[in-house]
Amino acid sequence: MYLKEIKTSGFKSFADKINLSLNDSITCIVGPNGSGKSNVVDAVRFVLGEQSSKNLRGEGNMTDVIFSGSKSRKGASFASVTLIFDNKDHHLNTSYDEVSIKRVIYKNGESEYYLNKERCRLKDITDLMMDSSASRESFNIISQGEVE
């Protein structure tokens, strides 16, 4: 199993829809300051069910992850993140060779979760990921200046 693709829309600085395609040999994401590397990590945590806006570098409300706008663009009405996993090895306990997990949050604070495009509960996602070592607590984040 590996993370094959990250799709976002209206999430933090990603105002437009983006598709970040990954392959099984990618081990890190690098880029200059301000390029959105931390927002990619936040997006993964978000879709896997993070409930604390502070853990997503927000000010105190989970809706802080919704693109708030700029001088030239109006803010988004929701934020959406989808993770697509290659599951051909069936590491995730499901018969699907590809598994998609999606979370949408609206300005009113309501969140929706989807598993393979079917609406589900956060518990369904948590249960699926629990034995895979891909839960929201399983990240190793190496900050700038710590890699030599």
# chains A, B, ... in the order shown; residues from 1 in each chain; ligands from 1
call {"tool": "select_by_dssp", "arguments": {"residues": "chain A", "states": "helix (DSSP H, G or I)", "output": "PDB file with all heavy atoms, in the first residue's frame"}}
result
ATOM      1  N   LYS A  37       4.422  23.047   1.555  1.00  0.00           N
ATOM      2  CA  LYS A  37       4.798  21.706   2.048  1.00  0.00           C
ATOM      3  C   LYS A  37       4.056  21.354   3.334  1.00  0.00           C
ATOM      4  O   LYS A  37       3.511  20.266   3.462  1.00  0.00           O
ATOM      5  CB  LYS A  37       6.313  21.633   2.298  1.00  0.00           C
ATOM      6  CG  LYS A  37       7.183  21.886   1.083  1.00  0.00           C
ATOM      7  CD  LYS A  37       8.648  21.875   1.444  1.00  0.00           C
ATOM      8  CE  LYS A  37       9.053  22.888   2.482  1.00  0.00           C
ATOM      9  NZ  LYS A  37       9.002  24.290   2.079  1.00  0.00           N
ATOM     10  N   SER A  38       4.013  22.272   4.264  1.00  0.00           N
ATOM     11  CA  SER A  38       3.324  22.018   5.534  1.00  0.00           C
ATOM     12  C   SER A  38       1.827  21.858   5.327  1.00  0.00           C
ATOM     13  O   SER A  38       1.173  21.091   6.044  1.00  0.00           O
ATOM     14  CB  SER A  38       3.590  23.144   6.525  1.00  0.00           C
ATOM     15  OG  SER A  38       4.950  23.197   6.863  1.00  0.00           O
ATOM     16  N   ASN A  39       1.284  22.552   4.345  1.00  0.00           N
ATOM     17  CA  ASN A  39      -0.141  22.410   4.066  1.00  0.00           C
ATOM     18  C   ASN A  39      -0.471  21.031   3.499  1.00  0.00           C
ATOM     19  O   ASN A  39      -1.582  20.533   3.691  1.00  0.00           O
ATOM     20  CB  ASN A  39      -0.621  23.507   3.116  1.00  0.00           C
ATOM     21  CG  ASN A  39      -0.665  24.863   3.789  1.00  0.00           C
ATOM     22  OD1 ASN A  39      -0.606  24.965   5.016  1.00  0.00           O
ATOM     23  ND2 ASN A  39      -0.765  25.910   2.998  1.00  0.00           N
ATOM     24  N   VAL A  40       0.465  20.412   2.821  1.00  0.00           N
ATOM     25  CA  VAL A  40       0.261  19.041   2.334  1.00  0.00           C
ATOM     26  C   VAL A  40       0.152  18.101   3.533  1.00  0.00           C
ATOM     27  O   VAL A  40      -0.747  17.260   3.598  1.00  0.00           O
ATOM     28  CB  VAL A  40       1.395  18.607   1.376  1.00  0.00           C
ATOM     29  CG1 VAL A  40       1.283  17.119   1.041  1.00  0.00           C
ATOM     30  CG2 VAL A  40       1.368  19.440   0.102  1.00  0.00           C
ATOM     31  N   VAL A  41       1.038  18.255   4.497  1.00  0.00           N
ATOM     32  CA  VAL A  41       0.991  17.433   5.713  1.00  0.00           C
ATOM     33  C   VAL A  41      -0.320  17.687   6.451  1.00  0.00           C
ATOM     34  O   VAL A  41      -0.986  16.753   6.901  1.00  0.00           O
ATOM     35  CB  VAL A  41       2.209  17.717   6.618  1.00  0.00           C
ATOM     36  CG1 VAL A  41       2.071  17.008   7.956  1.00  0.00           C
ATOM     37  CG2 VAL A  41       3.496  17.303   5.930  1.00  0.00           C
ATOM     38  N   ASP A  42      -0.705  18.958   6.570  1.00  0.00           N
ATOM     39  CA  ASP A  42      -1.969  19.299   7.228  1.00  0.00           C
ATOM     40  C   ASP A  42      -3.157  18.673   6.507  1.00  0.00           C
ATOM     41  O   ASP A  42      -4.102  18.210   7.143  1.00  0.00           O
ATOM     42  CB  ASP A  42      -2.157  20.813   7.302  1.00  0.00           C
ATOM     43  CG  ASP A  42      -1.200  21.490   8.273  1.00  0.00           C
ATOM     44  OD1 ASP A  42      -0.575  20.778   9.097  1.00  0.00           O
ATOM     45  OD2 ASP A  42      -1.088  22.727   8.212  1.00  0.00           O
ATOM     46  N   ALA A  43      -3.111  18.641   5.188  1.00  0.00           N
ATOM     47  CA  ALA A  43      -4.204  18.049   4.406  1.00  0.00           C
ATOM     48  C   ALA A  43      -4.353  16.565   4.718  1.00  0.00           C
ATOM     49  O   ALA A  43      -5.471  16.061   4.878  1.00  0.00           O
ATOM     50  CB  ALA A  43      -3.962  18.263   2.912  1.00  0.00           C
ATOM     51  N   VAL A  44      -3.237  15.863   4.833  1.00  0.00           N
ATOM     52  CA  VAL A  44      -3.286  14.438   5.145  1.00  0.00           C
ATOM     53  C   VAL A  44      -3.852  14.232   6.540  1.00  0.00           C
ATOM     54  O   VAL A  44      -4.730  13.393   6.756  1.00  0.00           O
ATOM     55  CB  VAL A  44      -1.889  13.787   4.995  1.00  0.00           C
ATOM     56  CG1 VAL A  44      -1.897  12.355   5.494  1.00  0.00           C
ATOM     57  CG2 VAL A  44      -1.433  13.845   3.537  1.00  0.00           C
ATOM     58  N   ARG A  45      -3.387  15.007   7.486  1.00  0.00           N
ATOM     59  CA  ARG A  45      -3.918  14.904   8.859  1.00  0.00           C
ATOM     60  C   ARG A  45      -5.420  15.205   8.877  1.00  0.00           C
ATOM     61  O   ARG A  45      -6.185  14.530   9.564  1.00  0.00           O
ATOM     62  CB  ARG A  45      -3.191  15.870   9.783  1.00  0.00           C
ATOM     63  CG  ARG A  45      -1.857  15.385  10.207  1.00  0.00           C
ATOM     64  CD  ARG A  45      -1.337  16.234  11.354  1.00  0.00           C
ATOM     65  NE  ARG A  45      -0.163  15.580  11.902  1.00  0.00           N
ATOM     66  CZ  ARG A  45       0.910  16.223  12.294  1.00  0.00           C
ATOM     67  NH1 ARG A  45       0.968  17.533  12.220  1.00  0.00           N
ATOM     68  NH2 ARG A  45       1.931  15.561  12.776  1.00  0.00           N
ATOM     69  N   PHE A  46      -5.819  16.218   8.159  1.00  0.00           N
ATOM     70  CA  PHE A  46      -7.223  16.634   8.113  1.00  0.00           C
ATOM     71  C   PHE A  46      -8.113  15.506   7.623  1.00  0.00           C
ATOM     72  O   PHE A  46      -9.099  15.145   8.266  1.00  0.00           O
ATOM     73  CB  PHE A  46      -7.349  17.862   7.199  1.00  0.00           C
ATOM     74  CG  PHE A  46      -8.755  18.257   6.873  1.00  0.00           C
ATOM     75  CD1 PHE A  46      -9.535  18.925   7.787  1.00  0.00           C
ATOM     76  CD2 PHE A  46      -9.292  17.973   5.623  1.00  0.00           C
ATOM     77  CE1 PHE A  46     -10.841  19.298   7.477  1.00  0.00           C
ATOM     78  CE2 PHE A  46     -10.584  18.340   5.300  1.00  0.00           C
ATOM     79  CZ  PHE A  46     -11.361  19.013   6.233  1.00  0.00           C
ATOM     80  N   VAL A  47      -7.770  14.928   6.483  1.00  0.00           N
ATOM     81  CA  VAL A  47      -8.627  13.899   5.888  1.00  0.00           C
ATOM     82  C   VAL A  47      -8.671  12.634   6.740  1.00  0.00           C
ATOM     83  O   VAL A  47      -9.672  11.920   6.748  1.00  0.00           O
ATOM     84  CB  VAL A  47      -8.227  13.599   4.430  1.00  0.00           C
ATOM     85  CG1 VAL A  47      -6.976  12.768   4.360  1.00  0.00           C
ATOM     86  CG2 VAL A  47      -9.337  12.907   3.665  1.00  0.00           C
ATOM     87  N   LYS A  54      -5.653  23.482  16.044  1.00  0.00           N
ATOM     88  CA  LYS A  54      -4.289  23.863  16.418  1.00  0.00           C
ATOM     89  C   LYS A  54      -3.259  22.893  15.826  1.00  0.00           C
ATOM     90  O   LYS A  54      -2.170  23.299  15.444  1.00  0.00           O
ATOM     91  CB  LYS A  54      -4.155  23.941  17.931  1.00  0.00           C
ATOM     92  CG  LYS A  54      -4.907  25.118  18.532  1.00  0.00           C
ATOM     93  CD  LYS A  54      -4.624  25.249  19.997  1.00  0.00           C
ATOM     94  CE  LYS A  54      -5.336  26.332  20.731  1.00  0.00           C
ATOM     95  NZ  LYS A  54      -6.227  27.208  20.187  1.00  0.00           N
ATOM     96  N   ASN A  55      -3.605  21.600  15.728  1.00  0.00           N
ATOM     97  CA  ASN A  55      -2.701  20.630  15.109  1.00  0.00           C
ATOM     98  C   ASN A  55      -2.600  20.827  13.605  1.00  0.00           C
ATOM     99  O   ASN A  55      -1.712  20.260  12.959  1.00  0.00           O
ATOM    100  CB  ASN A  55      -3.137  19.202  15.421  1.00  0.00           C
ATOM    101  CG  ASN A  55      -2.876  18.821  16.857  1.00  0.00           C
ATOM    102  OD1 ASN A  55      -2.080  19.453  17.538  1.00  0.00           O
ATOM    103  ND2 ASN A  55      -3.554  17.794  17.319  1.00  0.00           N
ATOM    104  N   LEU A  56      -3.509  21.617  13.049  1.00  0.00           N
ATOM    105  CA  LEU A  56      -3.461  21.961  11.622  1.00  0.00           C
ATOM    106  C   LEU A  56      -3.016  23.409  11.442  1.00  0.00           C
ATOM    107  O   LEU A  56      -3.230  24.010  10.397  1.00  0.00           O
ATOM    108  CB  LEU A  56      -4.839  21.740  10.983  1.00  0.00           C
ATOM    109  CG  LEU A  56      -5.377  20.318  11.057  1.00  0.00           C
ATOM    110  CD1 LEU A  56      -6.788  20.252  10.489  1.00  0.00           C
ATOM    111  CD2 LEU A  56      -4.463  19.367  10.318  1.00  0.00           C
ATOM    112  N   MET A  62     -12.030  24.760  13.370  1.00  0.00           N
ATOM    113  CA  MET A  62     -11.669  23.857  12.276  1.00  0.00           C
ATOM    114  C   MET A  62     -11.920  24.491  10.902  1.00  0.00           C
ATOM    115  O   MET A  62     -11.250  24.151   9.937  1.00  0.00           O
ATOM    116  CB  MET A  62     -12.425  22.532  12.410  1.00  0.00           C
ATOM    117  CG  MET A  62     -11.916  21.444  11.498  1.00  0.00           C
ATOM    118  SD  MET A  62     -10.146  21.117  11.606  1.00  0.00           S
ATOM    119  CE  MET A  62     -10.084  20.123  13.066  1.00  0.00           C
ATOM    120  N   THR A  63     -12.841  25.426  10.817  1.00  0.00           N
ATOM    121  CA  THR A  63     -13.104  26.071   9.533  1.00  0.00           C
ATOM    122  C   THR A  63     -11.941  26.968   9.093  1.00  0.00           C
ATOM    123  O   THR A  63     -11.950  27.470   7.969  1.00  0.00           O
ATOM    124  CB  THR A  63     -14.412  26.886   9.577  1.00  0.00           C
ATOM    125  OG1 THR A  63     -14.324  27.854  10.628  1.00  0.00           O
ATOM    126  CG2 THR A  63     -15.613  25.974   9.806  1.00  0.00           C
ATOM    127  N   ASP A  64     -10.939  27.134   9.951  1.00  0.00           N
ATOM    128  CA  ASP A  64      -9.747  27.899   9.572  1.00  0.00           C
ATOM    129  C   ASP A  64      -9.016  27.273   8.392  1.00  0.00           C
ATOM    130  O   ASP A  64      -8.207  27.936   7.741  1.00  0.00           O
ATOM    131  CB  ASP A  64      -8.766  28.013  10.747  1.00  0.00           C
ATOM    132  CG  ASP A  64      -9.280  28.903  11.868  1.00  0.00           C
ATOM    133  OD1 ASP A  64     -10.249  29.649  11.646  1.00  0.00           O
ATOM    134  OD2 ASP A  64      -8.706  28.835  12.970  1.00  0.00           O
ATOM    135  N   VAL A  65      -9.268  25.998   8.100  1.00  0.00           N
ATOM    136  CA  VAL A  65      -8.586  25.338   6.986  1.00  0.00           C
ATOM    137  C   VAL A  65      -9.204  25.699   5.633  1.00  0.00           C
ATOM    138  O   VAL A  65      -8.633  25.386   4.595  1.00  0.00           O
ATOM    139  CB  VAL A  65      -8.542  23.797   7.140  1.00  0.00           C
ATOM    140  CG1 VAL A  65      -7.845  23.411   8.427  1.00  0.00           C
ATOM    141  CG2 VAL A  65      -9.920  23.176   7.050  1.00  0.00           C
ATOM    142  N   LEU A 122     -16.489   8.979  10.516  1.00  0.00           N
ATOM    143  CA  LEU A 122     -15.060   9.044  10.803  1.00  0.00           C
ATOM    144  C   LEU A 122     -14.593   7.710  11.387  1.00  0.00           C
ATOM    145  O   LEU A 122     -13.508   7.236  11.068  1.00  0.00           O
ATOM    146  CB  LEU A 122     -14.749  10.192  11.764  1.00  0.00           C
ATOM    147  CG  LEU A 122     -13.323  10.273  12.297  1.00  0.00           C
ATOM    148  CD1 LEU A 122     -12.304  10.339  11.167  1.00  0.00           C
ATOM    149  CD2 LEU A 122     -13.176  11.437  13.247  1.00  0.00           C
ATOM    150  N   LYS A 123     -15.405   7.077  12.201  1.00  0.00           N
ATOM    151  CA  LYS A 123     -15.059   5.791  12.805  1.00  0.00           C
ATOM    152  C   LYS A 123     -14.766   4.738  11.743  1.00  0.00           C
ATOM    153  O   LYS A 123     -13.863   3.908  11.908  1.00  0.00           O
ATOM    154  CB  LYS A 123     -16.175   5.311  13.726  1.00  0.00           C
ATOM    155  CG  LYS A 123     -15.853   4.008  14.432  1.00  0.00           C
ATOM    156  CD  LYS A 123     -16.962   3.598  15.360  1.00  0.00           C
ATOM    157  CE  LYS A 123     -16.754   2.317  16.110  1.00  0.00           C
ATOM    158  NZ  LYS A 123     -15.584   1.550  15.924  1.00  0.00           N
ATOM    159  N   ASP A 124     -15.482   4.764  10.624  1.00  0.00           N
ATOM    160  CA  ASP A 124     -15.229   3.805   9.541  1.00  0.00           C
ATOM    161  C   ASP A 124     -13.829   3.988   8.961  1.00  0.00           C
ATOM    162  O   ASP A 124     -13.129   3.020   8.669  1.00  0.00           O
ATOM    163  CB  ASP A 124     -16.279   3.947   8.443  1.00  0.00           C
ATOM    164  CG  ASP A 124     -17.687   3.683   8.948  1.00  0.00           C
ATOM    165  OD1 ASP A 124     -17.867   2.775   9.782  1.00  0.00           O
ATOM    166  OD2 ASP A 124     -18.613   4.413   8.508  1.00  0.00           O
ATOM    167  N   ILE A 125     -13.413   5.236   8.809  1.00  0.00           N
ATOM    168  CA  ILE A 125     -12.074   5.530   8.293  1.00  0.00           C
ATOM    169  C   ILE A 125     -11.020   5.143   9.323  1.00  0.00           C
ATOM    170  O   ILE A 125     -10.020   4.500   8.998  1.00  0.00           O
ATOM    171  CB  ILE A 125     -11.961   7.014   7.892  1.00  0.00           C
ATOM    172  CG1 ILE A 125     -12.869   7.286   6.691  1.00  0.00           C
ATOM    173  CG2 ILE A 125     -10.516   7.399   7.599  1.00  0.00           C
ATOM    174  CD1 ILE A 125     -13.054   8.733   6.352  1.00  0.00           C
ATOM    175  N   THR A 126     -11.268   5.509  10.577  1.00  0.00           N
ATOM    176  CA  THR A 126     -10.336   5.179  11.654  1.00  0.00           C
ATOM    177  C   THR A 126     -10.152   3.672  11.759  1.00  0.00           C
ATOM    178  O   THR A 126      -9.026   3.182  11.877  1.00  0.00           O
ATOM    179  CB  THR A 126     -10.843   5.750  12.995  1.00  0.00           C
ATOM    180  OG1 THR A 126     -11.012   7.161  12.853  1.00  0.00           O
ATOM    181  CG2 THR A 126      -9.867   5.476  14.118  1.00  0.00           C
ATOM    182  N   ASP A 127     -11.243   2.934  11.698  1.00  0.00           N
ATOM    183  CA  ASP A 127     -11.159   1.464  11.776  1.00  0.00           C
ATOM    184  C   ASP A 127     -10.363   0.881  10.613  1.00  0.00           C
ATOM    185  O   ASP A 127      -9.547  -0.022  10.794  1.00  0.00           O
ATOM    186  CB  ASP A 127     -12.557   0.842  11.803  1.00  0.00           C
ATOM    187  CG  ASP A 127     -13.285   1.065  13.119  1.00  0.00           C
ATOM    188  OD1 ASP A 127     -12.655   1.522  14.100  1.00  0.00           O
ATOM    189  OD2 ASP A 127     -14.506   0.800  13.156  1.00  0.00           O
ATOM    190  N   LEU A 128     -10.567   1.406   9.414  1.00  0.00           N
ATOM    191  CA  LEU A 128      -9.847   0.919   8.246  1.00  0.00           C
ATOM    192  C   LEU A 128      -8.345   1.173   8.364  1.00  0.00           C
ATOM    193  O   LEU A 128      -7.524   0.312   8.041  1.00  0.00           O
ATOM    194  CB  LEU A 128     -10.383   1.575   6.969  1.00  0.00           C
ATOM    195  CG  LEU A 128      -9.659   1.209   5.674  1.00  0.00           C
ATOM    196  CD1 LEU A 128      -9.897  -0.265   5.329  1.00  0.00           C
ATOM    197  CD2 LEU A 128     -10.127   2.112   4.545  1.00  0.00           C
ATOM    198  N   MET A 129      -7.984   2.350   8.857  1.00  0.00           N
ATOM    199  CA  MET A 129      -6.583   2.748   8.896  1.00  0.00           C
ATOM    200  C   MET A 129      -5.838   2.251  10.126  1.00  0.00           C
ATOM    201  O   MET A 129      -4.608   2.236  10.140  1.00  0.00           O
ATOM    202  CB  MET A 129      -6.475   4.279   8.827  1.00  0.00           C
ATOM    203  CG  MET A 129      -7.122   4.892   7.607  1.00  0.00           C
ATOM    204  SD  MET A 129      -6.531   4.235   6.053  1.00  0.00           S
ATOM    205  CE  MET A 129      -4.980   5.091   5.919  1.00  0.00           C
ATOM    206  N   MET A 130      -6.569   1.825  11.149  1.00  0.00           N
ATOM    207  CA  MET A 130      -5.967   1.501  12.443  1.00  0.00           C
ATOM    208  C   MET A 130      -4.794   0.526  12.349  1.00  0.00           C
ATOM    209  O   MET A 130      -3.745   0.750  12.947  1.00  0.00           O
ATOM    210  CB  MET A 130      -7.022   0.930  13.382  1.00  0.00           C
ATOM    211  CG  MET A 130      -6.546   0.815  14.814  1.00  0.00           C
ATOM    212  SD  MET A 130      -7.831   0.256  15.935  1.00  0.00           S
ATOM    213  CE  MET A 130      -9.104   1.462  15.665  1.00  0.00           C
ATOM    214  N   ASP A 131      -4.930  -0.524  11.597  1.00  0.00           N
ATOM    215  CA  ASP A 131      -3.880  -1.538  11.520  1.00  0.00           C
ATOM    216  C   ASP A 131      -2.888  -1.301  10.394  1.00  0.00           C
ATOM    217  O   ASP A 131      -1.989  -2.112  10.178  1.00  0.00           O
ATOM    218  CB  ASP A 131      -4.505  -2.921  11.364  1.00  0.00           C
ATOM    219  CG  ASP A 131      -5.281  -3.334  12.598  1.00  0.00           C
ATOM    220  OD1 ASP A 131      -4.901  -2.896  13.701  1.00  0.00           O
ATOM    221  OD2 ASP A 131      -6.260  -4.080  12.457  1.00  0.00           O
ATOM    222  N   SER A 132      -3.014  -0.200   9.685  1.00  0.00           N
ATOM    223  CA  SER A 132      -2.167   0.029   8.516  1.00  0.00           C
ATOM    224  C   SER A 132      -0.934   0.877   8.811  1.00  0.00           C
ATOM    225  O   SER A 132      -0.116   1.078   7.938  1.00  0.00           O
ATOM    226  CB  SER A 132      -2.978   0.705   7.416  1.00  0.00           C
ATOM    227  OG  SER A 132      -3.259   2.042   7.797  1.00  0.00           O
TER     228      SER A 132
END
call {"tool": "residues_around", "arguments": {"residues": "Phe78 (chain A)", "least_positions_apart": "2", "cutoff": "10 Å", "atoms": "only C-alpha atoms", "output": "PyMOL selection string"}}
result
chain A and resi 9-11+63+65-68+75-76+80+104-111
call {"tool": "residues_around", "arguments": {"residues": "Leu22 (chain A)", "least_positions_apart": "2", "cutoff": "12 Å", "atoms": "only C-alpha atoms", "output": "ChimeraX atom specification"}}
result
/A:2-7,19-20,24-29,83-86
call {"tool": "write_last_selection", "arguments": {"atoms": "all heavy atoms", "output": "compact mmCIF listing (two decimals), in the first residue's frame"}}
result
# COMPACT_ATOMS: atom_id res chain seq x y z
N TYR A 2 0.48 2.22 -0.77
CA TYR A 2 1.16 3.51 -0.72
C TYR A 2 0.18 4.60 -1.10
O TYR A 2 -0.84 4.35 -1.74
CB TYR A 2 2.42 3.54 -1.60
CG TYR A 2 2.16 3.53 -3.08
CD1 TYR A 2 2.03 4.71 -3.80
CD2 TYR A 2 2.06 2.33 -3.78
CE1 TYR A 2 1.80 4.69 -5.17
CE2 TYR A 2 1.84 2.31 -5.14
CZ TYR A 2 1.71 3.50 -5.83
OH TYR A 2 1.48 3.48 -7.18
N LEU A 3 0.50 5.82 -0.67
CA LEU A 3 -0.31 6.98 -1.00
C LEU A 3 -0.04 7.35 -2.44
O LEU A 3 1.09 7.69 -2.80
CB LEU A 3 -0.01 8.14 -0.05
CG LEU A 3 -0.78 9.42 -0.26
CD1 LEU A 3 -2.29 9.20 -0.19
CD2 LEU A 3 -0.33 10.46 0.77
N LYS A 4 -1.05 7.24 -3.26
CA LYS A 4 -0.92 7.41 -4.71
C LYS A 4 -1.22 8.84 -5.15
O LYS A 4 -0.62 9.35 -6.11
CB LYS A 4 -1.89 6.43 -5.36
CG LYS A 4 -1.88 6.36 -6.84
CD LYS A 4 -2.84 5.24 -7.28
CE LYS A 4 -2.97 5.17 -8.76
NZ LYS A 4 -3.86 4.08 -9.17
N GLU A 5 -2.17 9.50 -4.48
CA GLU A 5 -2.58 10.83 -4.91
C GLU A 5 -3.22 11.59 -3.77
O GLU A 5 -3.89 11.01 -2.92
CB GLU A 5 -3.58 10.69 -6.07
CG GLU A 5 -3.90 11.97 -6.78
CD GLU A 5 -4.72 11.74 -8.04
OE1 GLU A 5 -5.07 10.58 -8.34
OE2 GLU A 5 -5.00 12.73 -8.72
N ILE A 6 -2.98 12.90 -3.76
CA ILE A 6 -3.63 13.82 -2.83
C ILE A 6 -4.36 14.85 -3.67
O ILE A 6 -3.75 15.50 -4.53
CB ILE A 6 -2.62 14.52 -1.90
CG1 ILE A 6 -1.78 13.51 -1.13
CG2 ILE A 6 -3.33 15.49 -0.96
CD1 ILE A 6 -0.61 14.11 -0.37
N LYS A 7 -5.65 14.99 -3.43
CA LYS A 7 -6.46 15.98 -4.14
C LYS A 7 -7.01 16.96 -3.11
O LYS A 7 -7.52 16.54 -2.07
CB LYS A 7 -7.63 15.32 -4.86
CG LYS A 7 -7.25 14.34 -5.94
CD LYS A 7 -8.49 13.75 -6.57
CE LYS A 7 -8.14 12.76 -7.66
NZ LYS A 7 -9.34 12.27 -8.35
N ASN A 19 -4.06 18.27 -7.82
CA ASN A 19 -3.85 16.82 -7.76
C ASN A 19 -2.35 16.60 -7.66
O ASN A 19 -1.61 16.93 -8.58
CB ASN A 19 -4.39 16.13 -9.02
CG ASN A 19 -5.88 16.16 -9.11
OD1 ASN A 19 -6.57 16.59 -8.20
ND2 ASN A 19 -6.40 15.72 -10.24
N LEU A 20 -1.93 16.07 -6.54
CA LEU A 20 -0.52 15.78 -6.32
C LEU A 20 -0.34 14.28 -6.48
O LEU A 20 -0.77 13.50 -5.63
CB LEU A 20 -0.10 16.24 -4.92
CG LEU A 20 1.33 16.05 -4.49
CD1 LEU A 20 2.29 16.78 -5.43
CD2 LEU A 20 1.52 16.53 -3.07
N ASP A 24 5.35 4.99 -5.52
CA ASP A 24 5.80 4.23 -4.36
C ASP A 24 7.26 4.47 -3.98
O ASP A 24 7.73 3.93 -2.99
CB ASP A 24 5.53 2.74 -4.54
CG ASP A 24 6.24 2.14 -5.74
OD1 ASP A 24 6.83 2.89 -6.54
OD2 ASP A 24 6.19 0.91 -5.87
N SER A 25 7.97 5.30 -4.72
CA SER A 25 9.36 5.58 -4.36
C SER A 25 9.56 6.97 -3.77
O SER A 25 10.67 7.31 -3.37
CB SER A 25 10.26 5.40 -5.59
OG SER A 25 9.94 6.36 -6.57
N ILE A 26 8.51 7.77 -3.66
CA ILE A 26 8.63 9.11 -3.06
C ILE A 26 8.67 8.96 -1.55
O ILE A 26 7.81 8.32 -0.95
CB ILE A 26 7.48 10.02 -3.50
CG1 ILE A 26 7.60 10.33 -4.99
CG2 ILE A 26 7.46 11.32 -2.68
CD1 ILE A 26 6.52 11.21 -5.54
N THR A 27 9.69 9.57 -0.93
CA THR A 27 9.83 9.48 0.52
C THR A 27 9.70 10.83 1.20
O THR A 27 9.61 10.89 2.42
CB THR A 27 11.18 8.85 0.91
OG1 THR A 27 12.23 9.64 0.35
CG2 THR A 27 11.27 7.42 0.42
N CYS A 28 9.73 11.92 0.44
CA CYS A 28 9.59 13.24 1.06
C CYS A 28 9.15 14.25 0.01
O CYS A 28 9.20 13.99 -1.19
CB CYS A 28 10.90 13.68 1.71
SG CYS A 28 12.24 14.00 0.54
N ILE A 29 8.72 15.39 0.50
CA ILE A 29 8.35 16.51 -0.36
C ILE A 29 9.22 17.67 0.05
O ILE A 29 9.29 18.01 1.23
CB ILE A 29 6.85 16.86 -0.22
CG1 ILE A 29 5.99 15.67 -0.65
CG2 ILE A 29 6.51 18.11 -1.01
CD1 ILE A 29 4.51 15.85 -0.41
N LEU A 83 -7.54 11.49 -0.26
CA LEU A 83 -6.34 10.67 -0.36
C LEU A 83 -6.71 9.42 -1.15
O LEU A 83 -7.74 8.80 -0.88
CB LEU A 83 -5.82 10.24 1.01
CG LEU A 83 -5.48 11.32 2.01
CD1 LEU A 83 -4.98 10.68 3.31
CD2 LEU A 83 -4.44 12.28 1.46
N ILE A 84 -5.87 9.05 -2.10
CA ILE A 84 -6.09 7.83 -2.86
C ILE A 84 -4.89 6.91 -2.62
O ILE A 84 -3.75 7.29 -2.86
CB ILE A 84 -6.28 8.12 -4.36
CG1 ILE A 84 -7.49 9.02 -4.55
CG2 ILE A 84 -6.42 6.81 -5.14
CD1 ILE A 84 -7.69 9.51 -5.95
N PHE A 85 -5.19 5.73 -2.11
CA PHE A 85 -4.16 4.74 -1.79
C PHE A 85 -4.19 3.62 -2.81
O PHE A 85 -5.25 3.14 -3.20
CB PHE A 85 -4.41 4.12 -0.41
CG PHE A 85 -4.22 5.08 0.73
CD1 PHE A 85 -5.29 5.79 1.23
CD2 PHE A 85 -2.97 5.27 1.28
CE1 PHE A 85 -5.12 6.68 2.28
CE2 PHE A 85 -2.79 6.15 2.34
CZ PHE A 85 -3.87 6.86 2.83
N ASP A 86 -3.00 3.19 -3.25
CA ASP A 86 -2.87 1.96 -4.02
C ASP A 86 -2.91 0.83 -3.00
O ASP A 86 -2.09 0.77 -2.09
CB ASP A 86 -1.54 1.95 -4.78
CG ASP A 86 -1.39 0.71 -5.63
OD1 ASP A 86 -1.34 -0.40 -5.03
OD2 ASP A 86 -1.30 0.83 -6.84
call {"tool": "closest_residue", "arguments": {"among": "A:Met1, A:Leu115, A:Cys120, A:Ala15", "to": "Ser72 (chain A)", "atoms": "only C-alpha atoms"}}
result
A:Ala15
call {"tool": "closest_residue", "arguments": {"among": "A:Ile101, A:Thr82, A:Glu50, A:Glu118", "to": "Ser21 (chain A)", "atoms": "only C-alpha atoms"}}
result
A:Thr82
call {"tool": "select_by_dssp", "arguments": {"residues": "region 16-49 of chain A", "states": "strand (DSSP E)", "output": "PyMOL selection string"}}
result
chain A and resi 18-21
call {"tool": "closest_residue", "arguments": {"among": "A:Gly31, A:Gly58, A:Lys74, A:Leu48", "to": "Ser100 (chain A)", "atoms": "only C-alpha atoms"}}
result
A:Leu48
call {"tool": "atom_distance", "arguments": {"atom1": "CA of Val99 (chain A)", "atom2": "CA of Phe14 (chain A)"}}
result
22.9 Å
call {"tool": "closest_residue", "arguments": {"among": "A:Lys102, A:Tyr96, A:Ile18, A:Ser35", "to": "Val81 (chain A)", "atoms": "only C-alpha atoms"}}
result
A:Lys102
